[in-house]
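Structure first, then comments.
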Amino acid sequence: MNDIYQDNLLQERQGTSPALTPSGCAQADVPKGTKRNPACRGEKTRGRRGRLSAHSVFVIGKEGEPMTPTTPARARKLLRDGVARITWSKFSTFGIQMLVETRLETQDTALGVDNGTKFEGYSVIVGVENLINIKLDLPDKKKIVRKLKERRTLRRARRFRNCRRRPSRFDNRERKGFLAPSQAVVVNSRLKVIRELFCMYPINYIGFEDVRFNHAKHRWGANFSTVEIGKARIYTFFESRGAEVFKYPGHRTQDLRKRYGYRKTAIKNADKFTAHCSDSLTLAADVLIGEFVEPGPFLVFDDKYRSVRRKLYDTQPARGGIKEPYSHGTVLGLRKGLIVGLPKGRIGQLCGELKGGYRYYDQNGKRGAAKKAVWISSNFFMRKEEAAIPLSVKAGSPLAV
């Protein structure tokens with residue numbers, strides 16, 4: 001399609017995310033071998049406890065390694081001088097990648113992770129600045145189980161007919177490190193977000209809410225198993241990146257949140273900072289600073305949609321007992337699940353075809369259709385974006401919901 005553009009056309013709707021350096025200057029400010037300007041230590045954009053982040057542009061090194069973020073003004077100067085180029089994260093946040101060698105020192109960075117069965121919170125702190133807060137809507141495990149059950153039924157039915165099929169397997173649950181497909185989808189959804197955060201920021205400390213439940217003693221905690229299963233795989237990823245993990249029990253997280261003055265709402269599915277990110281920011285702050293940190297930008301990403309893959313025919317026959325073709329996982333050559341920009345500034349997630357056009361889900365979960373798409377993107381599907389919490393919020397005071 002000639003009217004489909006690439007991810008760089010997302011720039012008009014991109015947000016930013018923040019950070020800091022040991023002396024108040026960004027790591028990418030000065031190329032390697034160049035004298036640092038002493039006046040940089042006193043720049044007005046330096047972050048402090050209780051202030052919003054000013055270093056809002058993440059920085060990637062020449063070889064792709066994450067570096068300490070910088071200020072928008074410094075990023076513009078580096079781009080103007082030709083020593084950096086524009087880059088965008090999967091979260092639609094603006095950053096730069098250096099084209100020259102720079103210092104390798106990075107400031108201590110902490111990631112706070114608040115686990116959940118349907119929703120999770122992630123927060124990143126560099127120095128004393130909160131860079132980004134993310135609320136993630138996890139895939140619906142019940143829908144995945146239903147689809148797996150339907151697939152298993154269809155596969156077993158084929159074994160009694162004279163047609164192609166794969167051989168039955170009986171030992172596939174005895175493999176070391178095996179993870180059920182319904183659980184693997186949820187774990188991989190978490191890892192997608194964590195990997196992108198590690199690509200953006202030099203994370204070396206993790207505040208992780210370690211969910212545990214005595215399933216032998218109590219029978220009412222079945223939902224906890226969804227959070228517990230797959231923890232080892234996430235811990236393995238942290239170890240592979242050289243990050244130090246600090247585990248917190250649930251009651252400890254609550255005590256710390258009250259101490260630092262962050263508020264938490266009881267509505268778990270609310271697209272608000274206080275739903276899950278107040279806990280994740282609490283963990284990150286306790287690991288790195290041990291005191292209140294001003295909340296930064298807040299983003300909501302929806303990862304619930306799972307398209308139909310490799311389903312050749314509909315399960316319900318049409319007239320005459322004919323099964324109509326159902327789905328091949330693509331729409332007019334585009335993979336389902338991509339973000340598409342539509343006429344009149346609309347944005348949606350590609351889910352199907354309708355009369356030669358595109359069918360999509362918008363940010364509110366409503367299905368619509370359009371004849372053409374203006375651009376496509378493989379970024380995370382953003383449902384909500386908010387700027388940083390106002391400076392009027394003080395340590396120890398309740399945050400606005």
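Just remember, in the structure tokens the first chain shown is A, the second B, etc., residues are 1-based per chain, and ligands are 1-based in the order shown.
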With only C-alpha atoms as the counted atoms, please give the residues lying no more than 9 Å from stretch 202-213 of chain A, apart from itself and same-chain residues fewer than 6 positions off, as JSON, numbers by chain.
{"A": [65, 66, 67, 68, 106, 107, 108, 109, 110, 111, 112, 113, 114, 115, 116, 124, 125, 126, 221, 224, 225, 227, 228, 231, 238, 241, 242, 243, 244, 245, 246, 247, 248, 249, 250, 252, 253, 279, 280, 282, 283, 284, 285, 286, 287, 288]}
So that I have them on file, write out the residues from the current selection with C-alpha atoms, as a compact mmCIF listing (two decimals), in the first residue's frame.
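Here's the written file part_10.txt:
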```txt
# COMPACT_ATOMS: atom_id res chain seq x y z
CA GLU A 65 23.41 0.35 25.15
CA PRO A 66 21.09 2.46 27.37
CA MET A 67 22.58 5.60 28.88
CA THR A 68 21.52 8.25 31.37
CA THR A 106 25.54 5.69 34.19
CA GLN A 107 23.56 6.74 37.21
CA ASP A 108 21.86 4.24 39.48
CA THR A 109 18.46 3.33 38.07
CA ALA A 110 15.65 1.37 39.75
CA LEU A 111 12.63 -0.39 38.30
CA GLY A 112 9.59 -1.00 40.48
CA VAL A 113 7.25 -3.86 39.52
CA ASP A 114 3.77 -4.27 41.00
CA ASN A 115 2.44 -7.67 39.93
CA GLY A 116 -1.18 -8.53 39.30
CA VAL A 124 11.46 3.77 36.65
CA ILE A 125 13.57 6.12 38.76
CA VAL A 126 16.95 7.50 37.67
CA GLY A 221 -6.26 -18.12 46.30
CA PHE A 224 -2.41 -15.92 42.99
CA SER A 225 -1.03 -18.84 41.00
CA VAL A 227 1.17 -14.28 39.35
CA GLU A 228 3.43 -16.89 40.95
CA LYS A 231 8.42 -15.71 38.31
CA PHE A 238 16.89 -9.86 35.51
CA ARG A 241 20.96 -8.24 32.59
CA GLY A 242 23.03 -8.03 35.78
CA ALA A 243 20.31 -6.31 37.83
CA GLU A 244 20.05 -6.80 41.59
CA VAL A 245 16.56 -7.86 42.67
CA PHE A 246 14.98 -6.84 45.99
CA LYS A 247 11.86 -8.86 46.81
CA TYR A 248 9.02 -7.33 48.82
CA PRO A 249 6.02 -9.16 50.32
CA GLY A 250 2.62 -7.59 49.68
CA ARG A 252 5.53 -4.61 53.13
CA THR A 253 4.61 -2.71 49.96
CA ASP A 279 2.89 0.67 44.45
CA SER A 280 5.50 0.27 41.72
CA THR A 282 6.97 2.99 46.07
CA LEU A 283 9.15 -0.07 45.43
CA ALA A 284 11.47 1.79 43.08
CA ALA A 285 11.84 4.69 45.52
CA ASP A 286 12.55 2.40 48.47
CA VAL A 287 15.24 0.51 46.56
CA LEU A 288 17.07 3.59 45.31
```
Within 8 Å of stretch 300-321 of chain A: each stretch 115-206 of chain A residue with its shortest pair, only C-alpha atoms, as a Markdown table:
```
| residue | atom | partner | partner_atom | distance |
| --- | --- | --- | --- | --- |
| A:Ile134 | CA | A:Val300 | CA | 5.7 |
| A:Lys135 | CA | A:Val300 | CA | 4.8 |
| A:Leu136 | CA | A:Phe301 | CA | 5.1 |
| A:Asp137 | CA | A:Asp302 | CA | 4.9 |
| A:Leu138 | CA | A:Asp303 | CA | 5.5 |
| A:Pro139 | CA | A:Lys304 | CA | 3.9 |
| A:Asp140 | CA | A:Lys304 | CA | 5.9 |
| A:Ser189 | CA | A:Asp303 | CA | 7.2 |
```
DSSP on the backbone, then: every residue of stretch 53-229 of chain A marked strand (DSSP E or B), written as a PyMOL selection string.
chain A and resi 57-60+66-70+84-88+93-98+102+109-114+119-126+129-137+205-209
Output of the above residues as a compact mmCIF listing (two decimals), in the first residue's frame, restricted to N, CA and C atoms:
```txt
# COMPACT_ATOMS: atom_id res chain seq x y z
N VAL A 57 14.41 12.96 27.97
CA VAL A 57 14.74 12.29 26.71
C VAL A 57 15.68 11.12 27.02
N PHE A 58 15.24 9.91 26.72
CA PHE A 58 16.12 8.77 26.95
C PHE A 58 17.21 8.73 25.88
N VAL A 59 18.35 8.16 26.24
CA VAL A 59 19.52 8.19 25.37
C VAL A 59 20.02 6.77 25.16
N ILE A 60 20.30 6.43 23.91
CA ILE A 60 20.88 5.14 23.55
C ILE A 60 22.29 5.39 23.04
N PRO A 66 21.82 1.34 26.76
CA PRO A 66 21.09 2.46 27.37
C PRO A 66 22.02 3.33 28.20
N MET A 67 21.76 4.63 28.17
CA MET A 67 22.58 5.60 28.88
C MET A 67 21.68 6.50 29.72
N THR A 68 22.29 7.34 30.54
CA THR A 68 21.52 8.25 31.37
C THR A 68 20.81 9.28 30.51
N PRO A 69 19.51 9.50 30.68
CA PRO A 69 18.75 10.44 29.85
C PRO A 69 19.24 11.87 29.97
N THR A 70 18.77 12.71 29.07
CA THR A 70 19.19 14.09 29.01
C THR A 70 17.97 15.00 28.91
N ALA A 84 23.99 12.91 17.11
CA ALA A 84 22.93 12.02 17.56
C ALA A 84 21.83 12.01 16.51
N ARG A 85 21.00 10.98 16.59
CA ARG A 85 19.85 10.88 15.70
C ARG A 85 18.60 10.57 16.51
N ILE A 86 17.44 10.83 15.93
CA ILE A 86 16.17 10.63 16.63
C ILE A 86 15.83 9.14 16.68
N THR A 87 15.30 8.71 17.80
CA THR A 87 14.79 7.35 17.93
C THR A 87 13.52 7.38 18.78
N TRP A 88 12.72 6.34 18.64
CA TRP A 88 11.46 6.26 19.39
C TRP A 88 11.38 4.90 20.07
N THR A 93 7.68 7.07 23.15
CA THR A 93 8.38 8.17 23.80
C THR A 93 9.61 8.54 22.99
N PHE A 94 9.95 9.81 23.02
CA PHE A 94 11.03 10.36 22.21
C PHE A 94 12.38 10.13 22.86
N GLY A 95 13.39 9.80 22.04
CA GLY A 95 14.74 9.62 22.53
C GLY A 95 15.74 9.90 21.43
N ILE A 96 17.01 9.81 21.77
CA ILE A 96 18.08 10.00 20.79
C ILE A 96 19.08 8.85 20.91
N GLN A 97 19.76 8.58 19.82
CA GLN A 97 20.86 7.60 19.81
C GLN A 97 22.12 8.31 19.39
N MET A 98 23.17 8.14 20.18
CA MET A 98 24.43 8.81 19.91
C MET A 98 25.12 8.20 18.69
N THR A 102 30.79 8.06 23.79
CA THR A 102 30.59 8.92 24.95
C THR A 102 31.01 8.17 26.21
N THR A 109 19.83 3.32 38.58
CA THR A 109 18.46 3.33 38.07
C THR A 109 17.69 2.16 38.67
N ALA A 110 16.47 2.40 39.12
CA ALA A 110 15.65 1.37 39.75
C ALA A 110 14.34 1.21 39.00
N LEU A 111 13.92 -0.04 38.89
CA LEU A 111 12.63 -0.39 38.30
C LEU A 111 11.75 -1.00 39.37
N GLY A 112 10.56 -0.44 39.55
CA GLY A 112 9.59 -1.00 40.48
C GLY A 112 8.52 -1.77 39.73
N VAL A 113 8.21 -2.99 40.19
CA VAL A 113 7.25 -3.86 39.52
C VAL A 113 6.17 -4.26 40.51
N ASP A 114 4.93 -3.88 40.19
CA ASP A 114 3.77 -4.27 41.00
C ASP A 114 2.98 -5.31 40.22
N PHE A 119 -3.82 -6.64 35.81
CA PHE A 119 -3.20 -5.34 35.60
C PHE A 119 -1.90 -5.29 36.38
N GLU A 120 -0.92 -4.58 35.84
CA GLU A 120 0.36 -4.45 36.51
C GLU A 120 0.86 -3.02 36.40
N GLY A 121 1.77 -2.66 37.32
CA GLY A 121 2.35 -1.33 37.32
C GLY A 121 3.86 -1.39 37.24
N TYR A 122 4.45 -0.47 36.47
CA TYR A 122 5.90 -0.38 36.32
C TYR A 122 6.32 1.08 36.47
N SER A 123 7.38 1.31 37.23
CA SER A 123 7.89 2.66 37.42
C SER A 123 9.42 2.63 37.37
N VAL A 124 10.00 3.66 36.78
CA VAL A 124 11.46 3.77 36.65
C VAL A 124 11.91 5.06 37.30
N ILE A 125 12.96 4.96 38.12
CA ILE A 125 13.57 6.12 38.76
C ILE A 125 15.05 6.14 38.40
N VAL A 126 15.52 7.28 37.90
CA VAL A 126 16.95 7.50 37.67
C VAL A 126 17.39 8.62 38.59
N GLU A 129 14.70 11.18 40.07
CA GLU A 129 13.62 11.56 39.18
C GLU A 129 12.84 10.33 38.71
N ASN A 130 11.54 10.45 38.71
CA ASN A 130 10.66 9.39 38.21
C ASN A 130 10.46 9.62 36.70
N LEU A 131 10.97 8.69 35.90
CA LEU A 131 10.97 8.86 34.46
C LEU A 131 9.64 8.50 33.82
N ILE A 132 9.08 7.37 34.22
CA ILE A 132 7.90 6.87 33.54
C ILE A 132 7.13 5.94 34.47
N ASN A 133 5.81 5.96 34.37
CA ASN A 133 4.93 5.05 35.09
C ASN A 133 4.00 4.40 34.07
N ILE A 134 3.91 3.08 34.11
CA ILE A 134 3.15 2.33 33.12
C ILE A 134 2.16 1.42 33.82
N LYS A 135 0.91 1.51 33.40
CA LYS A 135 -0.10 0.53 33.78
C LYS A 135 -0.33 -0.38 32.58
N LEU A 136 -0.15 -1.68 32.78
CA LEU A 136 -0.28 -2.65 31.70
C LEU A 136 -1.50 -3.52 31.92
N ASP A 137 -2.34 -3.60 30.90
CA ASP A 137 -3.48 -4.52 30.92
C ASP A 137 -3.02 -5.84 30.32
N TYR A 205 18.83 -1.92 39.48
CA TYR A 205 18.15 -2.35 40.70
C TYR A 205 16.67 -2.60 40.40
N ILE A 206 16.14 -3.64 41.01
CA ILE A 206 14.74 -4.02 40.80
C ILE A 206 14.04 -4.12 42.15
N GLY A 207 12.92 -3.41 42.28
CA GLY A 207 12.03 -3.60 43.42
C GLY A 207 10.84 -4.43 42.97
N PHE A 208 10.78 -5.68 43.38
CA PHE A 208 9.82 -6.65 42.85
C PHE A 208 8.89 -7.12 43.96
N GLU A 209 7.58 -6.99 43.72
CA GLU A 209 6.61 -7.48 44.70
C GLU A 209 6.48 -8.99 44.55
```
For A:Gly64, the closest of A:Ser182, A:Val340, A:Arg359, A:Phe198 counting only C-alpha atoms is A:Phe198
Please identify the helix (DSSP H, G or I) residues within stretch 61-145 of chain A (assignment by DSSP from backbone atoms) and present them as a list in words.
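Those residues are Pro72, Ala73, Arg74, Ala75, Arg76, Lys77, Leu78, Leu79, Arg80, Asp81, Lys141, Lys142, Lys143, Ile144 and Val145 of chain A.
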